[in-house]
>>> print(open('structure-v7.txt').read())   # compact mmCIF, C-alpha atoms
# COMPACT_ATOMS: atom_id res chain seq x y z
CA MET A 1 21.41 4.76 29.99
CA VAL A 2 19.66 4.41 33.35
CA GLN A 3 17.02 6.90 32.31
CA GLY A 4 16.58 4.86 29.13
CA VAL A 5 15.89 1.74 31.19
CA GLY A 6 13.24 3.70 33.07
CA TYR A 7 11.70 4.94 29.79
CA ALA A 8 11.70 1.39 28.41
CA LEU A 9 10.49 -0.54 31.45
CA HIS A 10 8.97 1.61 34.18
CA GLU A 11 8.19 5.29 33.73
CA GLU A 12 4.52 5.96 33.13
CA ARG A 13 1.99 8.59 34.13
CA ARG A 14 -1.19 6.88 35.32
CA ASP A 15 -4.40 8.91 35.47
CA ASP A 16 -7.84 8.19 36.83
CA LEU A 17 -9.84 8.47 33.63
CA GLY A 18 -13.06 9.46 35.39
CA THR A 19 -11.64 12.53 37.13
CA GLY A 20 -8.33 13.26 35.43
CA VAL A 21 -6.52 13.02 38.77
CA VAL A 22 -2.91 11.87 38.39
CA LEU A 23 -2.45 8.65 40.35
CA SER A 24 1.28 8.28 39.78
CA ASP A 25 2.14 11.37 41.83
CA ASP A 26 5.02 10.00 43.91
CA LEU A 27 8.10 7.84 43.37
CA GLU A 28 6.30 4.74 44.61
CA ASP A 29 3.68 4.93 41.86
CA TYR A 30 5.83 6.71 39.27
CA ARG A 31 8.45 4.05 38.88
CA ILE A 32 12.09 4.55 38.01
CA PRO A 33 14.81 1.87 37.86
CA GLY A 34 16.70 0.90 40.99
CA MET A 35 20.19 -0.53 41.33
CA GLY A 36 18.99 -4.05 40.55
CA ASP A 37 17.30 -3.05 37.30
CA VAL A 38 20.33 -1.59 35.57
CA PRO A 39 22.93 -3.85 33.97
CA GLU A 40 26.67 -3.34 34.11
CA THR A 41 27.23 -0.58 31.60
CA GLU A 42 30.31 0.10 29.47
CA VAL A 43 30.71 3.70 28.37
CA TYR A 44 32.71 4.66 25.27
CA PHE A 45 33.78 8.25 24.64
CA HIS A 46 33.82 9.55 21.10
CA GLU A 47 36.94 11.69 21.17
CA GLU A 48 36.62 13.59 17.90
CA GLY A 49 33.77 15.90 18.82
CA PHE A 50 33.48 19.67 19.00
CA GLU A 51 36.69 21.54 18.38
CA HIS A 52 35.62 24.39 20.65
CA VAL A 53 35.18 22.07 23.69
CA ALA A 54 38.16 21.10 25.81
CA GLY A 55 38.80 17.38 25.23
CA GLY A 56 36.58 17.39 22.15
CA GLY A 57 33.48 16.33 24.09
CA VAL A 58 29.91 16.35 22.77
CA GLY A 59 27.07 16.51 25.24
CA LEU A 60 24.47 13.86 24.39
CA GLY A 61 21.89 14.58 27.04
CA GLU A 62 18.59 12.77 26.69
CA VAL A 63 19.32 11.69 23.12
CA SER A 64 21.02 8.65 24.67
CA VAL A 65 17.69 7.61 26.25
CA VAL A 66 16.03 6.72 22.95
CA GLY A 67 18.22 3.86 21.83
CA VAL A 68 17.88 1.96 25.11
CA ALA A 69 14.14 1.44 24.69
CA ALA A 70 14.60 0.22 21.13
CA ALA A 71 17.35 -2.16 22.24
CA LEU A 72 15.24 -3.58 25.06
CA GLY A 73 12.24 -3.93 22.70
CA ASN A 74 14.48 -5.87 20.32
CA ALA A 75 15.69 -8.02 23.20
CA VAL A 76 12.08 -8.89 24.10
CA TYR A 77 11.43 -9.80 20.46
CA ASP A 78 14.60 -11.88 20.31
CA ALA A 79 13.70 -13.75 23.50
CA THR A 80 10.00 -14.32 22.85
CA GLY A 81 9.13 -13.73 19.19
CA TRP A 82 6.64 -11.04 20.22
CA ARG A 83 7.34 -7.49 19.03
CA PRO A 84 6.27 -4.82 21.56
CA HIS A 85 4.98 -1.52 20.18
CA ASP A 86 4.14 0.30 23.43
CA LEU A 87 6.22 1.65 26.28
CA PRO A 88 6.81 0.91 29.03
CA LEU A 89 7.34 -2.81 28.46
CA ARG A 90 5.13 -3.79 31.39
CA PRO A 91 4.64 -7.37 32.65
CA ASP A 92 0.94 -7.32 31.69
CA ARG A 93 1.79 -6.19 28.14
CA LEU A 94 4.41 -8.89 27.76
CA ILE A 95 2.05 -11.60 29.03
CA GLY A 96 -0.72 -10.26 26.76
CA GLY A 97 1.68 -10.34 23.83
CA LEU A 98 2.63 -13.95 24.51
CA ARG A 99 -0.95 -15.22 24.67
CA MET B 1 -10.97 14.54 53.21
CA THR B 2 -8.06 16.76 54.22
CA THR B 3 -4.43 15.91 54.55
CA GLN B 4 -2.70 16.18 57.88
CA ARG B 5 0.78 17.17 56.80
CA GLY B 6 2.67 18.80 59.61
CA THR B 7 0.52 17.53 62.50
CA VAL B 8 2.77 16.37 65.33
CA PRO B 9 1.15 13.58 67.36
CA THR B 10 1.72 12.95 71.06
CA VAL B 11 3.89 9.87 71.44
CA THR B 12 4.07 7.74 74.59
CA ARG B 13 6.91 5.24 74.79
CA SER B 14 5.68 2.21 76.65
CA THR B 15 8.02 -0.35 78.21
CA SER B 16 5.58 -3.21 78.82
CA VAL B 17 2.74 -4.96 77.01
CA ALA B 18 0.39 -4.13 79.88
CA GLY B 19 1.35 -0.45 79.73
CA ALA B 20 0.95 -0.32 75.96
CA ALA B 21 -2.42 -2.07 76.18
CA ARG B 22 -3.62 0.61 78.65
CA GLU B 23 -2.63 3.38 76.25
CA LEU B 24 -4.48 1.62 73.43
CA VAL B 25 -7.64 1.39 75.52
CA GLU B 26 -7.34 5.16 76.06
CA GLY B 27 -7.51 5.56 72.27
CA ALA B 28 -3.85 5.67 71.19
CA LEU B 29 -2.70 3.99 67.98
CA PRO B 30 0.21 1.55 68.20
CA ARG B 31 3.42 2.52 66.41
CA ALA B 32 5.78 -0.32 65.53
CA GLY B 33 8.52 0.43 62.96
CA GLY B 34 6.62 3.49 61.80
CA THR B 35 7.74 3.06 58.17
CA ASP B 36 4.26 3.80 56.81
CA LEU B 37 2.32 5.36 59.67
CA VAL B 38 3.29 9.00 59.05
CA THR B 39 2.60 8.62 55.34
CA CYS B 40 -0.82 7.16 56.10
CA VAL B 41 -1.70 10.02 58.46
CA GLU B 42 -0.52 12.61 55.93
CA ALA B 43 -2.59 10.95 53.18
CA GLY B 44 -5.69 10.82 55.37
CA VAL B 45 -5.69 7.00 55.46
CA ILE B 46 -5.34 6.98 59.25
CA ALA B 47 -6.88 9.66 61.45
CA PRO B 48 -4.24 11.59 63.40
CA GLY B 49 -4.13 10.95 67.13
CA PRO B 50 -1.91 10.02 70.04
CA LEU B 51 0.55 7.18 69.44
CA VAL B 52 2.01 4.56 71.72
CA ASP B 53 5.48 3.54 70.55
CA LEU B 54 6.29 -0.14 71.09
CA VAL B 55 10.01 -0.03 70.35
CA ASP B 56 11.01 -0.15 74.05
CA VAL B 57 8.88 -3.18 74.97
CA PRO B 58 11.41 -6.01 75.37
CA GLU B 59 8.71 -8.72 75.63
CA LEU B 60 7.75 -8.03 72.02
CA ARG B 61 11.22 -8.54 70.58
CA GLY B 62 12.86 -11.62 69.07
CA PRO B 63 12.08 -15.33 68.72
CA ARG B 64 11.34 -17.50 71.76
CA TRP B 65 11.64 -21.25 71.23
CA ASP B 66 9.85 -23.73 73.41
CA GLY B 67 11.31 -27.18 74.15
CA ASP B 68 9.37 -28.91 71.36
CA GLY B 69 10.73 -26.82 68.49
CA ALA B 70 7.76 -24.48 68.19
CA VAL B 71 8.59 -20.77 68.21
CA ARG B 72 6.95 -17.46 69.02
CA ILE B 73 8.31 -14.49 67.13
CA GLY B 74 7.66 -11.21 68.94
CA ALA B 75 5.64 -8.67 66.96
CA MET B 76 8.40 -6.04 67.29
CA THR B 77 11.09 -8.30 65.83
CA SER B 78 12.40 -6.41 62.81
CA VAL B 79 12.12 -7.90 59.34
CA ALA B 80 15.94 -7.77 59.11
CA GLU B 81 16.30 -9.71 62.39
CA LEU B 82 13.88 -12.31 61.06
CA GLY B 83 15.82 -12.53 57.80
CA ALA B 84 19.18 -12.92 59.59
CA ASP B 85 18.19 -15.56 62.18
CA PRO B 86 20.01 -18.84 61.40
CA LEU B 87 17.70 -21.04 63.50
CA LEU B 88 14.58 -19.62 61.86
CA ALA B 89 16.25 -19.99 58.44
CA GLU B 90 16.85 -23.67 59.13
CA ALA B 91 13.35 -24.37 60.41
CA TYR B 92 11.25 -22.01 58.24
CA PRO B 93 13.28 -21.25 55.09
CA GLY B 94 10.26 -20.02 53.14
CA LEU B 95 9.50 -17.41 55.82
CA VAL B 96 13.07 -16.17 56.04
CA ALA B 97 13.33 -15.97 52.23
CA ALA B 98 10.18 -13.83 52.14
CA ALA B 99 11.62 -11.54 54.84
CA ARG B 100 14.88 -11.09 52.93
CA ALA B 101 13.10 -10.24 49.66
CA LEU B 102 10.77 -7.48 50.76
CA ALA B 103 11.30 -3.70 50.55
CA THR B 104 14.78 -2.23 51.06
CA PRO B 105 17.55 -2.85 53.63
CA GLN B 106 16.62 0.40 55.38
CA ILE B 107 12.96 -0.55 55.68
CA ARG B 108 13.73 -4.14 56.71
CA GLY B 109 15.90 -2.76 59.49
CA THR B 110 13.03 -0.70 60.89
CA ALA B 111 9.83 -2.49 59.84
CA THR B 112 8.51 -5.17 62.17
CA VAL B 113 6.79 -8.53 61.88
CA GLY B 114 3.61 -7.16 63.49
CA GLY B 115 3.61 -4.00 61.42
CA ASN B 116 4.09 -5.99 58.25
CA LEU B 117 1.05 -8.15 59.03
CA LEU B 118 -1.18 -5.19 59.95
CA GLN B 119 -0.02 -2.68 57.32
CA ARG B 120 -2.42 -0.80 55.08
CA ASN B 121 -2.74 -1.72 51.43
CA ARG B 122 -0.99 0.17 48.62
CA CYS B 123 -3.97 1.12 46.45
CA PRO B 124 -3.17 4.50 44.79
CA TYR B 125 -6.79 5.58 45.32
CA LEU B 126 -6.68 4.86 49.06
CA ARG B 127 -3.52 6.94 49.37
CA ASN B 128 -4.72 9.83 47.19
CA PRO B 129 -6.65 12.50 49.15
CA ALA B 130 -8.66 13.32 45.99
CA PHE B 131 -10.63 10.09 46.39
CA GLU B 132 -12.85 8.49 48.99
CA CYS B 133 -13.31 4.74 49.14
CA PHE B 134 -14.68 2.08 51.49
CA GLN B 135 -11.51 2.35 53.57
CA THR B 136 -11.84 6.10 54.15
CA GLY B 137 -15.54 6.36 54.87
CA GLY B 138 -16.78 6.32 51.26
CA ASP B 139 -19.23 3.89 49.72
CA SER B 140 -17.45 2.78 46.56
CA CYS B 141 -14.19 1.41 45.21
CA PRO B 142 -12.88 3.88 42.61
CA ALA B 143 -10.15 1.39 41.61
CA ARG B 144 -12.69 -1.20 40.49
CA ASP B 145 -13.88 1.00 37.61
CA GLY B 146 -10.65 2.98 37.40
CA ASP B 147 -6.96 2.16 37.23
CA HIS B 148 -6.49 -1.28 38.78
CA LEU B 149 -3.52 -2.73 36.92
CA ARG B 150 -1.98 -4.07 40.16
CA ALA B 151 -5.26 -5.09 41.79
CA VAL B 152 -6.68 -8.49 42.64
CA VAL B 153 -7.32 -11.35 40.26
CA VAL B 154 -9.31 -13.35 42.82
CA ASP B 155 -12.15 -10.95 43.53
CA LEU B 156 -13.35 -11.62 47.09
CA GLY B 157 -15.35 -8.50 47.75
CA PRO B 158 -16.01 -4.84 47.09
CA CYS B 159 -12.39 -3.64 47.60
CA VAL B 160 -9.87 -4.74 44.95
CA ALA B 161 -6.56 -3.92 46.66
CA PRO B 162 -4.30 -6.95 47.07
CA HIS B 163 -3.08 -7.69 50.57
CA PRO B 164 0.38 -6.12 50.87
CA SER B 165 2.03 -8.38 53.47
CA SER B 166 4.68 -10.79 52.18
CA LEU B 167 5.25 -12.26 55.64
CA ALA B 168 1.55 -13.15 55.85
CA VAL B 169 1.90 -15.30 52.72
CA ALA B 170 4.85 -17.22 54.17
CA LEU B 171 3.28 -17.53 57.64
CA LEU B 172 0.10 -18.87 56.07
CA ALA B 173 2.15 -21.57 54.33
CA TYR B 174 3.63 -22.53 57.73
CA ASP B 175 0.22 -22.76 59.47
CA ALA B 176 1.14 -19.91 61.80
CA SER B 177 -1.16 -18.32 64.33
CA VAL B 178 -1.18 -14.84 65.81
CA VAL B 179 -1.18 -13.96 69.50
CA VAL B 180 -3.32 -10.95 70.34
CA VAL B 181 -3.86 -9.17 73.67
CA GLU B 182 -7.50 -8.25 73.42
CA ARG B 183 -8.87 -4.88 74.38
CA GLY B 184 -10.77 -4.84 77.64
CA SER B 185 -10.02 -8.30 79.03
CA GLY B 186 -6.27 -7.96 78.47
CA ALA B 187 -6.25 -11.70 77.80
CA GLU B 188 -3.88 -13.31 75.29
CA VAL B 189 -5.82 -15.03 72.55
CA GLU B 190 -4.23 -17.20 69.87
CA ARG B 191 -5.97 -17.61 66.54
CA ASP B 192 -5.06 -18.82 63.05
CA LEU B 193 -3.27 -16.24 60.95
CA ALA B 194 -5.90 -16.72 58.23
CA GLU B 195 -8.51 -15.33 60.65
CA LEU B 196 -6.60 -12.04 60.84
CA TYR B 197 -7.99 -11.07 57.42
CA ASP B 198 -11.48 -10.91 55.94
CA GLY B 199 -11.46 -10.52 52.17
CA THR B 200 -15.15 -9.63 52.04
CA ASP B 201 -14.78 -6.61 54.36
CA PRO B 202 -13.79 -3.63 52.18
CA THR B 203 -13.41 -1.19 55.08
CA ARG B 204 -10.20 -2.50 56.67
CA ASP B 205 -7.07 -4.53 55.92
CA HIS B 206 -7.23 -6.74 59.05
CA VAL B 207 -9.92 -7.60 61.56
CA LEU B 208 -8.25 -6.53 64.83
CA ALA B 209 -10.38 -4.05 66.75
CA PRO B 210 -8.97 -0.69 67.89
CA GLY B 211 -7.22 -1.44 71.18
CA ASP B 212 -6.24 -5.02 70.31
CA LEU B 213 -2.47 -5.55 70.38
CA LEU B 214 -0.74 -8.14 68.20
CA VAL B 215 2.11 -9.40 70.41
CA ALA B 216 3.56 -12.37 68.49
CA VAL B 217 3.20 -14.88 65.71
CA ALA B 218 3.39 -18.54 66.72
CA LEU B 219 4.83 -21.19 64.43
CA PRO B 220 4.30 -24.90 65.03
CA ALA B 221 7.26 -27.28 65.35
CA LEU B 222 8.06 -28.92 62.03
CA VAL B 223 8.77 -32.55 61.23
CA SER B 224 12.23 -33.06 59.75
CA GLY B 225 12.58 -33.51 56.02
CA GLY B 226 10.87 -30.26 55.07
CA ARG B 227 11.61 -28.32 51.92
CA ALA B 228 10.42 -24.88 50.93
CA ALA B 229 10.79 -22.21 48.29
CA HIS B 230 9.62 -18.63 47.87
CA LEU B 231 9.32 -16.40 44.84
CA ARG B 232 8.31 -12.78 44.51
CA VAL B 233 7.41 -11.60 41.02
CA ALA B 234 7.52 -7.84 40.53
CA GLY B 235 8.11 -5.27 37.82
CA ARG B 236 11.42 -4.26 39.37
CA SER B 237 14.08 -6.44 40.92
CA ARG B 238 14.25 -4.68 44.33
CA ALA B 239 12.15 -2.40 46.51
CA GLU B 240 8.93 -3.21 44.67
CA TRP B 241 5.53 -4.58 45.68
CA PRO B 242 4.93 -8.06 44.29
CA LEU B 243 2.47 -8.62 41.45
CA VAL B 244 2.35 -12.26 42.55
CA GLU B 245 4.18 -13.98 45.39
CA ALA B 246 4.20 -17.64 46.41
CA VAL B 247 5.58 -19.88 49.15
CA VAL B 248 5.55 -23.67 48.78
CA ARG B 249 6.37 -25.93 51.72
CA LEU B 250 6.68 -29.70 51.39
CA GLU B 251 6.95 -32.41 54.02
CA CYS B 252 8.62 -35.51 52.59
CA ALA B 253 8.99 -39.10 53.78
CA GLU B 254 12.36 -40.70 54.56
CA GLU B 255 13.79 -37.53 56.13
CA GLY B 256 13.23 -35.51 52.98
CA ARG B 257 14.38 -37.99 50.33
CA GLY B 258 11.04 -39.73 49.86
CA PRO B 259 7.78 -38.61 48.28
CA VAL B 260 5.82 -35.60 49.48
CA THR B 261 3.46 -36.49 52.33
CA ARG B 262 2.03 -33.02 52.88
CA ALA B 263 2.23 -29.77 50.94
CA SER B 264 1.16 -26.22 51.61
CA VAL B 265 1.00 -23.56 48.93
CA ALA B 266 0.27 -19.93 49.79
CA VAL B 267 0.05 -17.02 47.35
CA GLY B 268 -0.06 -13.25 47.69
CA GLY B 269 -0.60 -10.21 45.48
CA VAL B 270 -3.71 -11.77 43.98
CA ALA B 271 -6.51 -11.23 46.50
CA ARG B 272 -7.63 -9.09 49.44
CA THR B 273 -6.05 -11.72 51.69
CA PRO B 274 -3.18 -14.14 51.24
CA LEU B 275 -4.61 -17.41 49.91
CA ARG B 276 -3.86 -21.11 50.19
CA LEU B 277 -4.29 -23.28 47.09
CA PRO B 278 -5.67 -26.57 48.45
CA GLY B 279 -6.09 -28.13 44.98
CA VAL B 280 -2.37 -27.76 44.24
CA GLU B 281 -1.52 -28.93 47.77
CA ARG B 282 -3.49 -32.18 47.34
CA ALA B 283 -2.00 -32.80 43.92
CA LEU B 284 1.55 -32.44 45.24
CA VAL B 285 1.23 -35.37 47.67
CA GLY B 286 3.27 -38.20 46.18
CA SER B 287 5.57 -35.94 44.11
CA VAL B 288 9.21 -36.97 44.35
CA PRO B 289 11.95 -34.45 45.23
CA GLY B 290 14.45 -33.90 42.44
CA ARG B 291 11.92 -34.90 39.78
CA ALA B 292 9.56 -32.74 37.74
CA PRO B 293 5.98 -32.58 39.05
CA GLY B 294 3.57 -35.06 37.47
CA GLU B 295 0.38 -34.76 35.45
CA GLU B 296 -1.81 -34.41 38.51
CA VAL B 297 0.12 -31.27 39.52
CA ASP B 298 -0.18 -29.98 35.93
CA ARG B 299 -3.94 -30.38 36.10
CA ALA B 300 -4.12 -28.61 39.49
CA LEU B 301 -2.06 -25.71 38.11
CA GLU B 302 -4.42 -25.51 35.11
CA ALA B 303 -7.37 -25.41 37.52
CA ILE B 304 -6.03 -22.20 39.12
CA VAL B 305 -7.90 -20.47 36.25
CA GLU B 306 -11.17 -21.51 37.89
CA LEU B 307 -10.20 -19.78 41.16
CA CYS B 308 -9.59 -16.52 39.35
CA SER B 309 -12.14 -13.79 38.67
CA PRO B 310 -9.99 -11.17 36.91
CA LEU B 311 -10.89 -7.50 36.64
CA PRO B 312 -10.71 -5.92 33.15
CA ALA B 313 -7.00 -5.08 33.58
CA THR B 314 -5.78 -7.96 35.78
CA GLY B 315 -6.24 -10.93 33.45
CA TYR B 316 -2.46 -11.13 33.06
CA LYS B 317 -2.21 -12.16 36.71
CA VAL B 318 -3.94 -15.47 35.92
CA ASP B 319 -0.98 -16.51 33.74
CA LEU B 320 1.48 -14.94 36.17
CA LEU B 321 -0.03 -16.81 39.12
CA GLN B 322 0.04 -20.17 37.29
CA ALA B 323 3.62 -19.69 36.12
CA THR B 324 4.80 -18.46 39.53
CA VAL B 325 3.24 -21.36 41.45
CA ARG B 326 4.70 -23.85 38.96
CA ASP B 327 8.12 -22.25 39.33
CA VAL B 328 7.99 -22.30 43.14
CA VAL B 329 6.73 -25.91 43.18
CA GLU B 330 9.71 -26.95 41.05
CA ARG B 331 12.11 -24.96 43.24
CA ALA B 332 10.69 -26.56 46.40
CA LEU B 333 11.09 -30.06 44.93
CA ASP B 334 14.72 -29.19 44.13
CA ALA B 335 15.40 -27.43 47.46
CA PRO B 336 17.67 -29.05 50.05
CA ALA B 337 15.84 -31.03 52.74
CA GLY B 338 15.89 -29.45 56.21
>>> encode(input="structure-v7.txt", output="structure tokens")
Amino acid sequence: MVQGVGYALHEERRDDLGTGVVLSDDLEDYRIPGMGDVPETEVYFHEEGFEHVAGGGVGLGEVSVVGVAAALGNAVYDATGWRPHDLPLRPDRLIGGLR
Amino acid sequence: MTTQRGTVPTVTRSTSVAGAARELVEGALPRAGGTDLVTCVEAGVIAPGPLVDLVDVPELRGPRWDGDGAVRIGAMTSVAELGADPLLAEAYPGLVAAARALATPQIRGTATVGGNLLQRNRCPYLRNPAFECFQTGGDSCPARDGDHLRAVVVDLGPCVAPHPSSLAVALLAYDASVVVVERGSGAEVERDLAELYDGTDPTRDHVLAPGDLLVAVALPALVSGGRAAHLRVAGRSRAEWPLVEAVVRLECAEEGRGPVTRASVAVGGVARTPLRLPGVERALVGSVPGRAPGEEVDRALEAIVELCSPLPATGYKVDLLQATVRDVVERALDAPAG
């Protein structure tokens, strides 16, 4: 979930196009969500998963990242009427979309 | 340019302003909170050299009020101390709000008022050893033709990095001045905070000469009936540099209930220096607290477009600046009178 918020809102490799040097080479310039950027999250366990795993668990891994970005994109559309098609949903893209 | 990772500098811990000033004349760099200094040396932004640590200089710490309600805040007062001071919060709410909003609790506990005002900018090119720019002895600004999404929208000169200090924005709104012990003479000189920065000089982030020591910021006594608001607009809710930041301060007649008699509006994140918006300030005179701003204010907010000279990727900051200033104006008109 938290990784999905980062994928949707923050994470982005930024390059200098003239030289190819990566500019986002630390955690100040390669942004990930902090505590204040993640909403209260309710987690539901699907309890009828793999028979060969104790407790019937199924590991989701990064599959769970994908839906978050789509949900946040839908939320932006719902709030503004503008449908984003690029990630991350940066402030400049949102303002450009609302013009 | 080479990085200096691993270099251990000599550090002298001074216990007096006079002692620290002597070390600076000898060529040492001042270290205040030190939250960014090591990073800057490692990235080649600051040349390595001996340091004089100011943390043990009691004269530089805390607010000192004079009898008339004016205050001097020592340069080594931490941002957290500034944010937690009830007397300062009552007198200068816009300043204290800015202090509480910046960086993280850990950094606010260590970073200082003086260090915040004199910090280096956050341009990713300046801090990347693969590039040279005006600030590191080069003769160009690679951000201007490169990646400048977070750069200025009011283009004052060759460098396009916005000024990083949030406290400078708030202090500018409160007509603050800075007290500097000048190299050589050792004399204390007080000058307007606005004179600390020169937006047309691409080679440095403030105009103090090597050896000058910022010892305090001085805030004038305020008339009663003041209101203020602050807003920091960033891509993340905490621990993020502002895209746009604004402080609005209003003086109102009838102990705060009457119309605005004087307004100051300062903005950051948009230019090489924090800026005042005199057009909006003039338009706000006569606005009534608790009511929406009138047409004259609307026109002044529209006219912000004319101040702006966006780079190819910073046009969004024009809208962001207008919306932020409007929001802070409305918050200030609704704020409790002090």
>>> closest_atom_pairs(input="structure-v7.txt", of="chain B", to="chain A", cutoff="12 Å", atoms="all atoms listed in the file", output="JSON lines")
{"residue": "B:Thr39", "atom": "CA", "partner": "A:Asp26", "partner_atom": "CA", "distance": 11.8}
{"residue": "B:Ala103", "atom": "CA", "partner": "A:Glu28", "partner_atom": "CA", "distance": 11.5}
{"residue": "B:Thr104", "atom": "CA", "partner": "A:Gly34", "partner_atom": "CA", "distance": 10.7}
{"residue": "B:Arg122", "atom": "CA", "partner": "A:Glu28", "partner_atom": "CA", "distance": 9.5}
{"residue": "B:Cys123", "atom": "CA", "partner": "A:Asp29", "partner_atom": "CA", "distance": 9.7}
{"residue": "B:Pro124", "atom": "CA", "partner": "A:Leu23", "partner_atom": "CA", "distance": 6.1}
{"residue": "B:Tyr125", "atom": "CA", "partner": "A:Leu23", "partner_atom": "CA", "distance": 7.3}
{"residue": "B:Leu126", "atom": "CA", "partner": "A:Leu23", "partner_atom": "CA", "distance": 10.4}
{"residue": "B:Arg127", "atom": "CA", "partner": "A:Leu23", "partner_atom": "CA", "distance": 9.2}
{"residue": "B:Asn128", "atom": "CA", "partner": "A:Leu23", "partner_atom": "CA", "distance": 7.3}
{"residue": "B:Pro129", "atom": "CA", "partner": "A:Val21", "partner_atom": "CA", "distance": 10.4}
{"residue": "B:Ala130", "atom": "CA", "partner": "A:Val21", "partner_atom": "CA", "distance": 7.5}
{"residue": "B:Phe131", "atom": "CA", "partner": "A:Val21", "partner_atom": "CA", "distance": 9.1}
{"residue": "B:Pro142", "atom": "CA", "partner": "A:Asp16", "partner_atom": "CA", "distance": 8.8}
{"residue": "B:Ala143", "atom": "CA", "partner": "A:Asp16", "partner_atom": "CA", "distance": 8.6}
{"residue": "B:Arg144", "atom": "CA", "partner": "A:Asp16", "partner_atom": "CA", "distance": 11.2}
{"residue": "B:Asp145", "atom": "CA", "partner": "A:Gly18", "partner_atom": "CA", "distance": 8.8}
{"residue": "B:Gly146", "atom": "CA", "partner": "A:Asp16", "partner_atom": "CA", "distance": 5.9}
{"residue": "B:Asp147", "atom": "CA", "partner": "A:Asp16", "partner_atom": "CA", "distance": 6.1}
{"residue": "B:His148", "atom": "CA", "partner": "A:Asp16", "partner_atom": "CA", "distance": 9.8}
{"residue": "B:Leu149", "atom": "CA", "partner": "A:Asp92", "partner_atom": "CA", "distance": 8.3}
{"residue": "B:Arg150", "atom": "CA", "partner": "A:Asp92", "partner_atom": "CA", "distance": 9.5}
{"residue": "B:Val233", "atom": "CA", "partner": "A:Pro91", "partner_atom": "CA", "distance": 9.8}
{"residue": "B:Ala234", "atom": "CA", "partner": "A:Pro91", "partner_atom": "CA", "distance": 8.4}
{"residue": "B:Gly235", "atom": "CA", "partner": "A:Pro91", "partner_atom": "CA", "distance": 6.6}
{"residue": "B:Arg236", "atom": "CA", "partner": "A:Asp37", "partner_atom": "CA", "distance": 6.4}
{"residue": "B:Ser237", "atom": "CA", "partner": "A:Gly36", "partner_atom": "CA", "distance": 5.5}
{"residue": "B:Arg238", "atom": "CA", "partner": "A:Gly36", "partner_atom": "CA", "distance": 6.1}
{"residue": "B:Ala239", "atom": "CA", "partner": "A:Gly34", "partner_atom": "CA", "distance": 7.9}
{"residue": "B:Glu240", "atom": "CA", "partner": "A:Glu28", "partner_atom": "CA", "distance": 8.4}
{"residue": "B:Trp241", "atom": "CA", "partner": "A:Glu28", "partner_atom": "CA", "distance": 9.4}
{"residue": "B:Pro242", "atom": "CA", "partner": "A:Pro91", "partner_atom": "CA", "distance": 11.7}
{"residue": "B:Leu243", "atom": "CA", "partner": "A:Pro91", "partner_atom": "CA", "distance": 9.1}
{"residue": "B:Val244", "atom": "CA", "partner": "A:Pro91", "partner_atom": "CA", "distance": 11.3}
{"residue": "B:Pro312", "atom": "CA", "partner": "A:Asp92", "partner_atom": "CA", "distance": 11.8}
{"residue": "B:Ala313", "atom": "CA", "partner": "A:Asp92", "partner_atom": "CA", "distance": 8.5}
{"residue": "B:Thr314", "atom": "CA", "partner": "A:Asp92", "partner_atom": "CA", "distance": 7.9}
{"residue": "B:Gly315", "atom": "CA", "partner": "A:Asp92", "partner_atom": "CA", "distance": 8.2}
{"residue": "B:Tyr316", "atom": "CA", "partner": "A:Asp92", "partner_atom": "CA", "distance": 5.3}
{"residue": "B:Lys317", "atom": "CA", "partner": "A:Asp92", "partner_atom": "CA", "distance": 7.7}
{"residue": "B:Val318", "atom": "CA", "partner": "A:Ile95", "partner_atom": "CA", "distance": 9.9}
{"residue": "B:Asp319", "atom": "CA", "partner": "A:Ile95", "partner_atom": "CA", "distance": 7.4}
{"residue": "B:Leu320", "atom": "CA", "partner": "A:Ile95", "partner_atom": "CA", "distance": 7.9}
{"residue": "B:Leu321", "atom": "CA", "partner": "A:Ile95", "partner_atom": "CA", "distance": 11.5}
{"residue": "B:Ala323", "atom": "CA", "partner": "A:Ile95", "partner_atom": "CA", "distance": 10.9}
>>> residues_around(input="structure-v7.txt", residues="range 58-75 of chain B", least_positions_apart="4", cutoff="7 Å", atoms="all atoms listed in the file", output="PyMOL selection string")
chain B and resi 112-114+214-221
>>> atom_distance(input="structure-v7.txt", atom1="CA of Ala187 in chain B", atom2="CA of Asp53 in chain B")
20.6 Å
>>> residues_around(input="structure-v7.txt", residues="Val180 in chain B", least_positions_apart="5", cutoff="7 Å", atoms="only C-alpha atoms", output="number ranges by chain")
B: 188-190, 212-215
>>> atom_distance(input="structure-v7.txt", atom1="CA of Pro289 in chain B", atom2="CA of Ala253 in chain B")
10.2 Å
>>> axis_aligned_box(input="structure-v7.txt", around="range 153-158 of chain B", padding_each_side="4 Å", output="JSON")
{"center_x": -11.7, "center_y": -9.1, "center_z": 44.0, "size_x": 16.7, "size_y": 16.5, "size_z": 15.5}
>>> atom_distance(input="structure-v7.txt", atom1="CA of Ala79 in chain A", atom2="CA of Tyr7 in chain A")
19.8 Å
>>> residues_around(input="structure-v7.txt", residues="range 65-68 of chain A", least_positions_apart="6", cutoff="10 Å", atoms="all atoms listed in the file", output="JSON, numbers by chain")
{"A": [1, 2, 3, 4, 5, 6, 7, 8, 74]}
>>> write_last_selection(input="structure-v7.txt", atoms="C-alpha atoms", output="tab-separated table (two decimals), in the coordinates of the input")
chain	number	residue	atom	x	y	z
A	1	MET	CA	21.41	4.76	29.99
A	2	VAL	CA	19.66	4.41	33.35
A	3	GLN	CA	17.02	6.90	32.31
A	4	GLY	CA	16.58	4.86	29.13
A	5	VAL	CA	15.89	1.74	31.19
A	6	GLY	CA	13.24	3.70	33.07
A	7	TYR	CA	11.70	4.94	29.79
A	8	ALA	CA	11.70	1.39	28.41
A	74	ASN	CA	14.48	-5.87	20.32
